[in-house]
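Right, one structure below, let's go through it.
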Amino acid sequence: MKLITHNMLTSKCLRGVVTGYPLAINATIINITEVDYNPEFITRIIPKLDWEVLWRAADSIGHSDGLPQTIEPKFEENNELLKKAHRVLLEVDIEEGNLVCPESGRRFPISKGIPNMLLTEAEVQ
């Protein structure tokens, strides 16, 4: 699971959960897979992200080195920042572990890079 995906996941469909965001990450296997650098894509995706959540997620799995905690106003002119964001968003891959709902503690397994967010009927609001 890429951190770009994590930034968009929520467990608010769980019964009794209001926000369900951000999900905590407990990673047991992390892989780094090189992906072609595309500064245009990174420039377009950054405004759509919750940057603070991205930074905390990267930090929680030990991959926040050099990544600023806040995004600067003219980030698109900073190629070094774009490269670091590219690495964290697209090259860091959580292969095995769990996502954890911040409100209910419900664990969602990550297996072979795919988070299983399926709920039982009793869990759905």
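Residue names in the structure tokens use chain letters A, B, ... in the order shown, residue numbers from 1 in each chain, and ligand numbers from 1 in the order shown.
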Exercise for the section: Could you pull out the residues in chain A that DSSP calls alpha helix (DSSP H) from the backbone, as a ChimeraX atom specification? Expected result: /A:3-6,39-45,51-60,79-86
Exercise for the section: For region 49-66 of chain A, work out the shell of residues within 12 Å, counting only C-alpha atoms and skipping chain neighbours fewer than 6 positions away, then give it as a PyMOL selection string. Expected result: chain A and resi 2-10+21-32+42-43+72+80-94+97-99
Handout entry: Non-local contacts of Pro73 (chain A) (12 Å; only C-alpha atoms; under 4 positions in same chain excluded) as a list in words
Key =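 My reading of the contact set: Thr43, Ile46, Pro47, Glu77 and Asn78 of chain A.
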Practice task
Among the residues of chain A, find those DSSP assigns to strand (DSSP E) from the backbone and print them as a list in words.
Solution key: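 Residues of chain A classed as strand (DSSP E): Ala24, Ile25, Asn26, Ala27, Thr28, Ile29, Ile30, Asn31, Ile32, Val92, Asp93, Ile94, Glu95, Glu96, Gly97, Asn98, Leu99, Val100, Arg107, Phe108, Pro109, Ile110, Ser111, Ile114 and Pro115 of chain A.
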Go ahead and dump the residues you just picked, N, CA and C atoms, as an mmCIF file, in the first residue's frame.
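Listed below is the output, result_10.cif:
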```
data_model
loop_
_atom_site.group_PDB
_atom_site.id
_atom_site.type_symbol
_atom_site.label_atom_id
_atom_site.label_comp_id
_atom_site.auth_asym_id
_atom_site.auth_seq_id
_atom_site.Cartn_x
_atom_site.Cartn_y
_atom_site.Cartn_z
ATOM 1 N N ALA A 24 -4.041 4.797 11.728
ATOM 2 C CA ALA A 24 -2.656 4.551 12.148
ATOM 3 C C ALA A 24 -2.095 3.400 11.322
ATOM 4 N N ILE A 25 -0.783 3.397 11.136
ATOM 5 C CA ILE A 25 -0.129 2.338 10.372
ATOM 6 C C ILE A 25 0.777 1.531 11.295
ATOM 7 N N ASN A 26 0.582 0.229 11.285
ATOM 8 C CA ASN A 26 1.501 -0.708 11.938
ATOM 9 C C ASN A 26 2.057 -1.577 10.818
ATOM 10 N N ALA A 27 3.240 -1.217 10.327
ATOM 11 C CA ALA A 27 3.839 -1.934 9.204
ATOM 12 C C ALA A 27 4.819 -2.982 9.700
ATOM 13 N N THR A 28 4.748 -4.170 9.130
ATOM 14 C CA THR A 28 5.708 -5.219 9.467
ATOM 15 C C THR A 28 6.689 -5.463 8.326
ATOM 16 N N ILE A 29 6.267 -5.219 7.083
ATOM 17 C CA ILE A 29 7.168 -5.321 5.931
ATOM 18 C C ILE A 29 6.955 -4.089 5.048
ATOM 19 N N ILE A 30 8.054 -3.379 4.790
ATOM 20 C CA ILE A 30 8.024 -2.200 3.921
ATOM 21 C C ILE A 30 9.044 -2.417 2.811
ATOM 22 N N ASN A 31 8.624 -2.195 1.584
ATOM 23 C CA ASN A 31 9.522 -2.284 0.439
ATOM 24 C C ASN A 31 9.662 -0.915 -0.206
ATOM 25 N N ILE A 32 10.811 -0.690 -0.816
ATOM 26 C CA ILE A 32 11.032 0.518 -1.606
ATOM 27 C C ILE A 32 11.145 0.069 -3.054
ATOM 28 N N VAL A 92 7.611 4.214 -1.420
ATOM 29 C CA VAL A 92 7.503 3.484 -0.152
ATOM 30 C C VAL A 92 6.224 2.662 -0.218
ATOM 31 N N ASP A 93 6.360 1.355 -0.048
ATOM 32 C CA ASP A 93 5.226 0.454 -0.200
ATOM 33 C C ASP A 93 5.100 -0.425 1.048
ATOM 34 N N ILE A 94 3.985 -0.302 1.739
ATOM 35 C CA ILE A 94 3.741 -1.140 2.913
ATOM 36 C C ILE A 94 3.183 -2.462 2.402
ATOM 37 N N GLU A 95 3.985 -3.496 2.539
ATOM 38 C CA GLU A 95 3.643 -4.812 1.990
ATOM 39 C C GLU A 95 2.767 -5.607 2.963
ATOM 40 N N GLU A 96 3.107 -5.557 4.245
ATOM 41 C CA GLU A 96 2.360 -6.294 5.278
ATOM 42 C C GLU A 96 2.216 -5.413 6.512
ATOM 43 N N GLY A 97 1.105 -5.583 7.216
ATOM 44 C CA GLY A 97 0.875 -4.831 8.447
ATOM 45 C C GLY A 97 -0.611 -4.641 8.689
ATOM 46 N N ASN A 98 -0.931 -3.544 9.381
ATOM 47 C CA ASN A 98 -2.326 -3.220 9.711
ATOM 48 C C ASN A 98 -2.537 -1.721 9.658
ATOM 49 N N LEU A 99 -3.765 -1.340 9.335
ATOM 50 C CA LEU A 99 -4.247 0.017 9.534
ATOM 51 C C LEU A 99 -5.164 -0.049 10.741
ATOM 52 N N VAL A 100 -5.137 0.978 11.585
ATOM 53 C CA VAL A 100 -5.925 0.953 12.812
ATOM 54 C C VAL A 100 -6.807 2.195 12.880
ATOM 55 N N ARG A 107 -8.742 -3.088 13.516
ATOM 56 C CA ARG A 107 -7.568 -3.300 12.667
ATOM 57 C C ARG A 107 -8.012 -3.774 11.289
ATOM 58 N N PHE A 108 -7.375 -3.208 10.275
ATOM 59 C CA PHE A 108 -7.594 -3.607 8.889
ATOM 60 C C PHE A 108 -6.265 -4.152 8.373
ATOM 61 N N PRO A 109 -6.222 -5.435 8.020
ATOM 62 C CA PRO A 109 -4.945 -6.031 7.603
ATOM 63 C C PRO A 109 -4.487 -5.525 6.234
ATOM 64 N N ILE A 110 -3.170 -5.408 6.102
ATOM 65 C CA ILE A 110 -2.546 -5.131 4.808
ATOM 66 C C ILE A 110 -1.794 -6.402 4.443
ATOM 67 N N SER A 111 -2.157 -6.989 3.321
ATOM 68 C CA SER A 111 -1.526 -8.228 2.882
ATOM 69 C C SER A 111 -1.133 -8.097 1.413
ATOM 70 N N ILE A 114 -2.065 -4.802 -0.152
ATOM 71 C CA ILE A 114 -3.477 -4.423 -0.326
ATOM 72 C C ILE A 114 -4.166 -4.336 1.033
ATOM 73 N N PRO A 115 -4.696 -3.141 1.378
ATOM 74 C CA PRO A 115 -5.434 -3.036 2.637
ATOM 75 C C PRO A 115 -6.827 -3.637 2.487
#
```
Problem - Interatomic distance (Å, one decimal) between CA of Gly20 (chain A) and CA of Glu103 (chain A) - result: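 For CA of Gly20 (chain A) relative to CA of Glu103 (chain A), the distance reads 6.1 Å.
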Handout entry: Atomic distance CA of Asn79 (chain A) - CA of Leu67 (chain A), expressed in Å with one decimal
Key =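 Result for CA of Asn79 (chain A) versus CA of Leu67 (chain A): 12.4 Å, one decimal.
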